[in-house]
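Enquirer: You'll find start-v2.txt just under this line, and it carries compact mmCIF, C-alpha atoms.
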```txt
# COMPACT_ATOMS: atom_id res chain seq x y z
CA MET A 820 -40.74 -0.78 20.89
CA THR A 821 -43.02 -1.86 18.05
CA ARG A 822 -43.09 -5.51 16.94
CA ILE A 823 -44.77 -6.69 13.73
CA ALA A 824 -44.60 -10.26 12.39
CA PRO A 825 -44.87 -11.29 9.68
CA VAL A 826 -44.59 -8.06 7.66
CA LEU A 827 -43.62 -8.32 4.03
CA GLY A 828 -46.94 -8.76 2.29
CA TRP A 829 -48.64 -5.60 3.43
CA VAL A 830 -51.04 -3.76 1.16
CA ALA A 831 -50.75 -0.36 2.74
CA GLY A 832 -47.54 1.57 3.32
CA PHE A 833 -46.47 2.57 6.80
CA VAL A 834 -43.90 4.51 8.80
CA LEU A 835 -42.66 3.28 12.17
CA GLY A 836 -40.58 5.31 14.58
CA ALA A 837 -39.28 5.11 18.14
CA HIS A 838 -37.03 2.09 17.60
CA ALA A 839 -39.07 -0.34 15.52
CA THR A 840 -38.52 -4.10 15.40
CA PHE A 841 -40.17 -6.56 13.01
CA VAL A 842 -39.67 -10.01 11.51
CA ALA A 843 -39.53 -10.44 7.74
CA ALA A 844 -41.65 -13.38 6.62
CA GLY A 845 -40.05 -15.91 4.30
CA PRO A 846 -37.30 -18.54 4.45
CA GLU A 847 -34.70 -15.99 5.60
CA ARG A 848 -36.56 -15.21 8.87
CA LEU A 849 -34.84 -11.90 9.42
CA GLN A 850 -35.39 -9.85 12.56
CA ILE A 851 -34.90 -6.20 11.63
CA THR A 852 -34.50 -3.36 14.13
CA ALA A 853 -34.03 0.36 13.37
CA ASP A 854 -34.91 3.79 14.76
CA ARG A 855 -37.12 4.53 11.75
CA VAL A 856 -38.71 2.06 9.32
CA SER A 857 -40.89 2.83 6.30
CA HIS A 858 -42.50 0.51 3.75
CA ASP A 859 -43.42 1.28 0.13
CA PRO A 860 -45.89 -1.44 -0.98
CA SER A 861 -45.70 -0.42 -4.66
CA VAL A 862 -42.11 -1.69 -4.92
CA LYS A 863 -42.08 -3.89 -1.78
CA VAL A 864 -39.08 -2.06 -0.32
CA VAL A 865 -38.49 -1.38 3.37
CA THR A 866 -36.28 1.62 4.17
CA MET A 867 -34.47 1.54 7.53
CA GLN A 868 -32.54 4.37 9.21
CA GLY A 869 -30.63 4.78 12.46
CA ASN A 870 -29.05 1.99 14.53
CA LEU A 871 -30.03 -0.62 11.96
CA VAL A 872 -29.61 -4.29 12.99
CA ILE A 873 -30.58 -7.45 11.09
CA ASP A 874 -30.30 -10.81 12.84
CA GLN A 875 -30.34 -14.09 10.89
CA GLU A 876 -29.42 -17.22 12.83
CA GLN A 877 -25.83 -16.63 14.09
CA THR A 878 -25.20 -13.65 11.79
CA ARG A 879 -25.76 -10.10 13.00
CA LEU A 880 -25.48 -7.11 10.65
CA SER A 881 -25.44 -3.55 11.95
CA GLY A 882 -25.09 -0.18 10.24
CA SER A 883 -26.41 3.35 9.83
CA GLU A 884 -29.06 2.83 7.15
CA GLY A 885 -30.26 0.44 4.49
CA THR A 886 -33.07 -0.89 2.35
CA PHE A 887 -34.61 -4.36 2.22
CA ARG A 888 -36.28 -5.67 -0.95
CA ALA A 889 -38.86 -8.35 -0.19
CA GLU A 890 -39.03 -9.94 -3.63
CA THR A 891 -35.29 -10.72 -3.82
CA GLY A 892 -34.51 -11.10 -0.10
CA GLU A 893 -31.63 -8.63 -0.47
CA SER A 894 -30.62 -5.63 1.61
CA LEU A 895 -28.38 -2.72 0.61
CA TRP A 896 -26.41 -0.96 3.36
CA SER A 897 -24.25 2.13 3.81
CA GLY A 898 -22.34 3.70 6.69
CA ASP A 899 -20.33 1.96 9.46
CA ILE A 900 -21.31 -1.59 8.52
CA ARG A 901 -20.41 -4.48 10.78
CA LEU A 902 -21.00 -8.23 10.44
CA GLU A 903 -20.57 -10.38 13.53
CA GLU A 904 -20.50 -14.18 13.70
CA PRO A 905 -18.88 -16.52 16.23
CA GLY A 906 -15.12 -16.06 15.75
CA ARG A 907 -15.44 -13.49 12.95
CA ILE A 908 -15.96 -9.71 12.50
CA VAL A 909 -16.21 -7.82 9.19
CA GLN A 910 -16.45 -4.04 8.74
CA SER A 911 -16.91 -1.90 5.61
CA GLU A 912 -18.55 1.22 4.18
CA ARG A 913 -21.10 -0.50 1.91
CA LEU A 914 -22.77 -3.91 1.74
CA LEU A 915 -25.08 -5.89 -0.52
CA ALA A 916 -26.51 -8.81 1.49
CA GLN A 917 -28.19 -11.75 -0.25
CA HIS A 918 -29.95 -13.18 2.78
CA SER A 919 -31.46 -16.24 1.10
CA LYS A 920 -28.01 -17.40 -0.05
CA ARG A 921 -26.16 -16.00 2.99
CA ILE A 922 -23.74 -14.18 0.67
CA TYR A 923 -22.41 -10.74 1.68
CA ARG A 924 -20.62 -8.37 -0.71
CA PHE A 925 -18.62 -5.72 1.15
CA THR A 926 -16.95 -2.70 -0.50
CA GLY A 927 -14.99 0.30 0.77
CA GLN A 928 -12.29 -0.04 3.45
CA VAL A 929 -13.04 -3.68 4.21
CA VAL A 930 -11.60 -5.07 7.46
CA TYR A 931 -11.94 -8.81 8.20
CA ARG A 932 -10.82 -10.16 11.58
CA LYS A 933 -10.66 -13.50 13.39
CA PRO A 934 -9.73 -12.40 16.94
CA ALA A 935 -8.89 -15.87 18.28
CA SER A 936 -6.06 -16.41 15.75
CA GLY A 937 -5.06 -12.76 15.40
CA LEU A 938 -5.70 -12.91 11.64
CA MET A 939 -6.69 -9.62 10.00
CA VAL A 940 -7.25 -8.79 6.32
CA THR A 941 -7.95 -5.40 4.74
CA ALA A 942 -9.02 -4.97 1.11
CA ASP A 943 -11.11 -2.91 -1.30
CA ARG A 944 -13.74 -5.63 -1.75
CA LEU A 945 -14.87 -8.85 -0.10
CA ILE A 946 -17.38 -11.56 -0.98
CA TYR A 947 -18.15 -13.58 2.15
CA ARG A 948 -20.17 -16.81 1.96
CA SER A 949 -21.44 -17.51 5.45
CA ARG A 950 -22.59 -21.09 4.85
CA THR A 951 -19.10 -22.26 3.81
CA GLN A 952 -17.17 -19.52 5.66
CA ASP A 953 -15.25 -18.72 2.47
CA ALA A 954 -13.95 -15.15 2.08
CA GLU A 955 -12.78 -13.83 -1.31
CA PHE A 956 -10.82 -10.54 -1.23
CA ASP A 957 -9.97 -8.28 -4.16
CA GLY A 958 -7.89 -5.10 -4.50
CA ASN A 959 -5.06 -3.88 -2.24
CA VAL A 960 -5.15 -6.92 0.03
CA ARG A 961 -3.10 -6.75 3.23
CA LEU A 962 -3.01 -9.79 5.53
CA THR A 963 -1.53 -9.91 9.03
CA PHE A 964 -1.08 -13.38 10.52
CA ARG A 965 1.34 -14.66 13.14
CA ASP A 966 4.73 -12.98 12.50
CA ARG A 967 4.13 -11.96 8.88
CA ILE A 968 2.53 -9.17 6.89
CA VAL A 969 1.51 -10.03 3.32
CA THR A 970 0.29 -7.76 0.53
CA ALA A 971 -1.32 -8.94 -2.71
CA GLN A 972 -4.12 -8.10 -5.12
CA ASN A 973 -6.28 -11.14 -4.38
CA ALA A 974 -6.83 -13.55 -1.50
CA MET A 975 -9.09 -16.51 -0.73
CA LEU A 976 -9.69 -17.67 2.83
CA THR A 977 -11.38 -20.97 3.64
CA PRO A 978 -11.50 -22.85 6.96
CA ARG A 979 -8.55 -24.98 5.73
CA SER A 980 -6.39 -22.62 3.67
CA ILE A 981 -5.30 -19.06 2.92
CA VAL A 982 -4.25 -18.38 -0.69
CA LEU A 983 -2.90 -15.04 -1.96
CA SER A 984 -2.24 -14.22 -5.62
CA ASN A 985 -0.89 -11.46 -7.88
CA GLU A 986 1.97 -9.23 -6.68
CA VAL A 987 2.46 -11.18 -3.45
CA LEU A 988 5.02 -9.72 -1.05
CA SER A 989 5.46 -11.31 2.37
CA GLU A 990 7.36 -9.55 5.16
CA GLN A 991 8.29 -12.02 7.87
CA LEU A 992 9.76 -10.84 11.15
CA ALA A 993 12.39 -12.99 12.82
CA GLY A 994 12.15 -11.25 16.19
CA PRO A 995 11.90 -7.68 17.51
CA LEU A 996 11.07 -4.96 15.00
CA VAL A 997 14.70 -3.78 15.07
CA VAL A 998 15.77 -7.07 13.47
CA PRO A 999 15.78 -6.83 9.65
CA ALA A 1000 12.80 -8.63 8.16
CA LEU A 1001 12.90 -11.36 5.55
CA TYR A 1002 10.97 -10.56 2.35
CA VAL A 1003 9.45 -13.10 -0.03
CA ALA A 1004 7.97 -12.05 -3.38
CA ALA A 1005 6.02 -14.49 -5.56
CA LYS A 1006 3.02 -14.83 -7.85
CA HIS A 1007 1.18 -17.05 -5.38
CA MET A 1008 1.33 -17.95 -1.70
CA SER A 1009 -0.67 -20.38 0.45
CA ILE A 1010 -0.78 -20.69 4.26
CA ASP A 1011 -2.11 -23.53 6.37
CA PRO A 1012 -4.03 -21.61 9.08
CA ALA A 1013 -3.69 -24.50 11.54
CA THR A 1014 0.11 -24.96 11.34
CA GLY A 1015 1.36 -21.73 9.73
CA ASP A 1016 3.28 -23.75 7.10
CA THR A 1017 3.56 -21.79 3.84
CA ARG A 1018 4.16 -22.44 0.14
CA PHE A 1019 5.29 -19.89 -2.46
CA TRP A 1020 5.32 -20.47 -6.22
CA GLY A 1021 5.91 -18.49 -9.40
CA ASN A 1022 9.02 -16.24 -9.70
CA VAL A 1023 9.97 -16.54 -6.04
CA GLU A 1024 12.49 -14.09 -4.56
CA VAL A 1025 13.63 -14.38 -0.93
CA SER A 1026 15.75 -11.51 0.38
CA LYS A 1027 17.24 -10.03 3.51
CA LEU A 1028 19.47 -6.96 3.41
CA ASP A 1029 22.02 -7.57 0.59
CA ARG A 1030 21.30 -11.28 0.14
CA MET A 1031 18.68 -12.76 -2.13
CA ALA A 1032 17.71 -16.18 -3.51
CA ARG A 1033 15.57 -16.76 -6.60
CA GLY A 1034 13.67 -19.89 -7.57
CA ASP A 1035 10.36 -21.13 -8.88
CA ARG A 1036 8.97 -22.32 -5.55
CA ALA A 1037 9.69 -22.19 -1.83
CA THR A 1038 8.35 -23.68 1.39
CA PHE A 1039 8.34 -22.44 4.97
CA SER A 1040 8.01 -24.78 7.95
CA GLU A 1041 6.76 -23.29 11.22
CA GLN A 1042 8.22 -26.24 13.13
CA THR A 1043 11.79 -25.96 11.79
CA ARG A 1044 11.59 -22.19 11.18
CA GLN A 1045 13.28 -22.66 7.81
CA ILE A 1046 12.53 -21.51 4.26
CA GLN A 1047 13.71 -23.71 1.39
CA ILE A 1048 13.95 -22.26 -2.13
CA PHE A 1049 13.86 -24.70 -5.05
CA PRO A 1050 14.73 -24.24 -8.75
CA SER A 1051 12.36 -24.51 -11.67
CA LYS A 1052 14.89 -26.39 -13.86
CA LEU A 1053 18.47 -27.00 -12.74
CA THR A 1054 19.60 -24.24 -10.42
CA THR A 1055 18.48 -21.66 -7.91
CA VAL A 1056 20.13 -18.23 -8.06
CA PHE A 1057 21.63 -16.88 -4.84
CA ILE A 1058 23.01 -13.33 -4.57
CA ASP A 1059 25.35 -12.33 -1.74
CA ASN A 1060 26.82 -8.81 -1.46
CA GLY A 1061 26.35 -8.22 -5.18
CA LEU A 1062 27.92 -11.53 -6.30
CA THR A 1063 25.65 -14.08 -7.99
CA PHE A 1064 25.84 -17.86 -7.52
CA THR A 1065 23.79 -20.91 -8.49
CA SER A 1066 22.85 -23.81 -6.26
CA LYS A 1067 20.55 -26.80 -6.33
CA GLN A 1068 18.76 -25.45 -3.26
CA VAL A 1069 18.97 -22.44 -0.95
CA ASP A 1070 17.79 -22.56 2.69
CA TYR A 1071 17.16 -19.76 5.17
CA ASP A 1072 17.18 -20.46 8.92
CA PHE A 1073 15.32 -18.01 11.17
CA GLY A 1074 17.24 -19.32 14.17
CA THR A 1075 20.65 -18.32 12.82
CA GLY A 1076 19.45 -15.65 10.39
CA GLU A 1077 21.64 -17.17 7.69
CA PHE A 1078 21.27 -18.57 4.18
CA SER A 1079 22.86 -21.94 3.37
CA THR A 1080 23.67 -23.06 -0.17
CA PRO A 1081 24.66 -26.68 -0.93
CA GLY A 1082 26.49 -27.12 -4.23
CA LEU A 1083 27.33 -23.42 -4.61
CA LYS A 1084 28.82 -22.17 -7.89
CA GLN A 1085 29.79 -18.52 -8.48
CA LEU A 1086 28.51 -16.76 -11.62
CA ASN A 1087 30.11 -13.32 -11.03
CA LEU A 1088 26.93 -11.34 -11.79
CA ARG A 1089 25.75 -8.22 -9.96
CA ILE A 1090 22.41 -7.87 -8.14
CA GLN A 1091 19.80 -5.78 -9.97
CA SER A 1092 16.88 -5.49 -7.56
CA SER A 1093 15.29 -6.95 -4.44
CA PRO A 1094 11.65 -7.28 -3.34
CA GLN A 1095 11.85 -4.69 -0.54
CA SER A 1096 13.04 -2.03 -3.00
CA ARG A 1097 9.83 -2.28 -5.05
```
Write out the structure in this file as structure tokens.

Expert:
Amino acid sequence: MTRIAPVLGWVAGFVLGAHATFVAAGPERLQITADRVSHDPSVKVVTMQGNLVIDQEQTRLSGSEGTFRAETGESLWSGDIRLEEPGRIVQSERLLAQHSKRIYRFTGQVVYRKPASGLMVTADRLIYRSRTQDAEFDGNVRLTFRDRIVTAQNAMLTPRSIVLSNEVLSEQLAGPLVVPALYVAAKHMSIDPATGDTRFWGNVEVSKLDRMARGDRATFSEQTRQIQIFPSKLTTVFIDNGLTFTSKQVDYDFGTGEFSTPGLKQLNLRIQSSPQSR
């Protein structure tokens, strides 16, 4: 194994083989390991191939190949990329890493996991900020957490919240997979990762089989296992077997699997669509 430290300031180019390891000088203090490493001093770029690993404090990046640019402190990766930190794993096909800022931009079949909580997110793109542990997902987002599966176009994860936006559809299982799921569609959705309590807002539709409730916002309590749907103005619409009603509030209880509707008033309208038929 070859060790060179510090490196990035060389005058002459070089090629290292047989599993090379070196430390990049500068505030980032990166330890870089690869099967083959070459340096072009004219552009101050290090090219790394085969079993590439970069360690920076508690962050480890691994992949097939990449380049490191000394002047900007950035590395560009491709092929079987993996980021590992305590409690967190990210995988993708491509990565732009800004080591000085500890910002990582993943693209292509992104998979983000927190094994301790069972949380997993897949998406087209991810910007992960290691210093704040914020993760911003974009494109075909799919989140699995506790007993729910949520799809959306955008998501933002912080240590204290999970927020999903644009074409949100939540599938929440009440028990075994044979039990019909409850679907919630909305413009936005937020989850408290500590308690599992959830808020929905913007054109909310809650449905199960041939029953559906519509409102402007809804809340789910993990403790009571109930969803409450609230109106935007005066009434919440509730549809049961094709008949449409209005109510001041509609509740759904996971324990009984039933909707309850205080102050129900029939409107005699027919159902047009439901979230699971989209």

Enquirer: Just to confirm, what's the straight-line distance from atom CA of A:Phe956 to atom CA of A:Arg921 in Å (one decimal)?

Expert: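 So the two atoms, atom CA of A:Phe956 and atom CA of A:Arg921, lie 16.8 Å apart.
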
Enquirer: Give me, as a PyMOL selection string, all polymer residues having an atom no more than 9 Å from stretch 873-889 of chain A, counting only C-alpha atoms and skipping those fewer than 4 positions away in the same chain.

Expert: chain A and resi 827-828+843-845+847-853+862-869+893-905+918+949

Enquirer: Dump C-alpha atoms for the selected residues as a PDB file, in the frame of the given file?

Expert:
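Resulting contents of result.pdb:
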```
ATOM      1  CA  LEU A 827     -43.620  -8.320   4.030  1.00  0.00           C
ATOM      2  CA  GLY A 828     -46.940  -8.760   2.290  1.00  0.00           C
ATOM      3  CA  ALA A 843     -39.530 -10.440   7.740  1.00  0.00           C
ATOM      4  CA  ALA A 844     -41.650 -13.380   6.620  1.00  0.00           C
ATOM      5  CA  GLY A 845     -40.050 -15.910   4.300  1.00  0.00           C
ATOM      6  CA  GLU A 847     -34.700 -15.990   5.600  1.00  0.00           C
ATOM      7  CA  ARG A 848     -36.560 -15.210   8.870  1.00  0.00           C
ATOM      8  CA  LEU A 849     -34.840 -11.900   9.420  1.00  0.00           C
ATOM      9  CA  GLN A 850     -35.390  -9.850  12.560  1.00  0.00           C
ATOM     10  CA  ILE A 851     -34.900  -6.200  11.630  1.00  0.00           C
ATOM     11  CA  THR A 852     -34.500  -3.360  14.130  1.00  0.00           C
ATOM     12  CA  ALA A 853     -34.030   0.360  13.370  1.00  0.00           C
ATOM     13  CA  VAL A 862     -42.110  -1.690  -4.920  1.00  0.00           C
ATOM     14  CA  LYS A 863     -42.080  -3.890  -1.780  1.00  0.00           C
ATOM     15  CA  VAL A 864     -39.080  -2.060  -0.320  1.00  0.00           C
ATOM     16  CA  VAL A 865     -38.490  -1.380   3.370  1.00  0.00           C
ATOM     17  CA  THR A 866     -36.280   1.620   4.170  1.00  0.00           C
ATOM     18  CA  MET A 867     -34.470   1.540   7.530  1.00  0.00           C
ATOM     19  CA  GLN A 868     -32.540   4.370   9.210  1.00  0.00           C
ATOM     20  CA  GLY A 869     -30.630   4.780  12.460  1.00  0.00           C
ATOM     21  CA  GLU A 893     -31.630  -8.630  -0.470  1.00  0.00           C
ATOM     22  CA  SER A 894     -30.620  -5.630   1.610  1.00  0.00           C
ATOM     23  CA  LEU A 895     -28.380  -2.720   0.610  1.00  0.00           C
ATOM     24  CA  TRP A 896     -26.410  -0.960   3.360  1.00  0.00           C
ATOM     25  CA  SER A 897     -24.250   2.130   3.810  1.00  0.00           C
ATOM     26  CA  GLY A 898     -22.340   3.700   6.690  1.00  0.00           C
ATOM     27  CA  ASP A 899     -20.330   1.960   9.460  1.00  0.00           C
ATOM     28  CA  ILE A 900     -21.310  -1.590   8.520  1.00  0.00           C
ATOM     29  CA  ARG A 901     -20.410  -4.480  10.780  1.00  0.00           C
ATOM     30  CA  LEU A 902     -21.000  -8.230  10.440  1.00  0.00           C
ATOM     31  CA  GLU A 903     -20.570 -10.380  13.530  1.00  0.00           C
ATOM     32  CA  GLU A 904     -20.500 -14.180  13.700  1.00  0.00           C
ATOM     33  CA  PRO A 905     -18.880 -16.520  16.230  1.00  0.00           C
ATOM     34  CA  HIS A 918     -29.950 -13.180   2.780  1.00  0.00           C
ATOM     35  CA  SER A 949     -21.440 -17.510   5.450  1.00  0.00           C
TER      36      SER A 949
END
```

Enquirer: Could you state the separation of atom CA of A:Asp966 and atom CA of A:Gly1015 in Å, given to one decimal place?

Expert: 9.8 Å

Enquirer: Can you list, as a ChimeraX atom specification, every protein, DNA or RNA residue that comes within 9 Å of stretch 1036-1049 of chain A when you count only C-alpha atoms, leaving out same-chain residues fewer than 5 positions away?

Expert: /A:1005,1014-1025,1054-1055,1067-1074

Enquirer: Next, write the just-selected residues to a file, as a PDB file, in the frame of the given file, keeping C-alpha atoms as the atom set.

Expert:
```pdb
ATOM      1  CA  ALA A1005       6.020 -14.490  -5.560  1.00  0.00           C
ATOM      2  CA  THR A1014       0.110 -24.960  11.340  1.00  0.00           C
ATOM      3  CA  GLY A1015       1.360 -21.730   9.730  1.00  0.00           C
ATOM      4  CA  ASP A1016       3.280 -23.750   7.100  1.00  0.00           C
ATOM      5  CA  THR A1017       3.560 -21.790   3.840  1.00  0.00           C
ATOM      6  CA  ARG A1018       4.160 -22.440   0.140  1.00  0.00           C
ATOM      7  CA  PHE A1019       5.290 -19.890  -2.460  1.00  0.00           C
ATOM      8  CA  TRP A1020       5.320 -20.470  -6.220  1.00  0.00           C
ATOM      9  CA  GLY A1021       5.910 -18.490  -9.400  1.00  0.00           C
ATOM     10  CA  ASN A1022       9.020 -16.240  -9.700  1.00  0.00           C
ATOM     11  CA  VAL A1023       9.970 -16.540  -6.040  1.00  0.00           C
ATOM     12  CA  GLU A1024      12.490 -14.090  -4.560  1.00  0.00           C
ATOM     13  CA  VAL A1025      13.630 -14.380  -0.930  1.00  0.00           C
ATOM     14  CA  THR A1054      19.600 -24.240 -10.420  1.00  0.00           C
ATOM     15  CA  THR A1055      18.480 -21.660  -7.910  1.00  0.00           C
ATOM     16  CA  LYS A1067      20.550 -26.800  -6.330  1.00  0.00           C
ATOM     17  CA  GLN A1068      18.760 -25.450  -3.260  1.00  0.00           C
ATOM     18  CA  VAL A1069      18.970 -22.440  -0.950  1.00  0.00           C
ATOM     19  CA  ASP A1070      17.790 -22.560   2.690  1.00  0.00           C
ATOM     20  CA  TYR A1071      17.160 -19.760   5.170  1.00  0.00           C
ATOM     21  CA  ASP A1072      17.180 -20.460   8.920  1.00  0.00           C
ATOM     22  CA  PHE A1073      15.320 -18.010  11.170  1.00  0.00           C
ATOM     23  CA  GLY A1074      17.240 -19.320  14.170  1.00  0.00           C
TER      24      GLY A1074
END
```

Enquirer: Between atom CA of A:Gln910 and atom CA of A:Lys1006, measure the distance and give it in Å to one decimal.

Expert: 27.8 Å
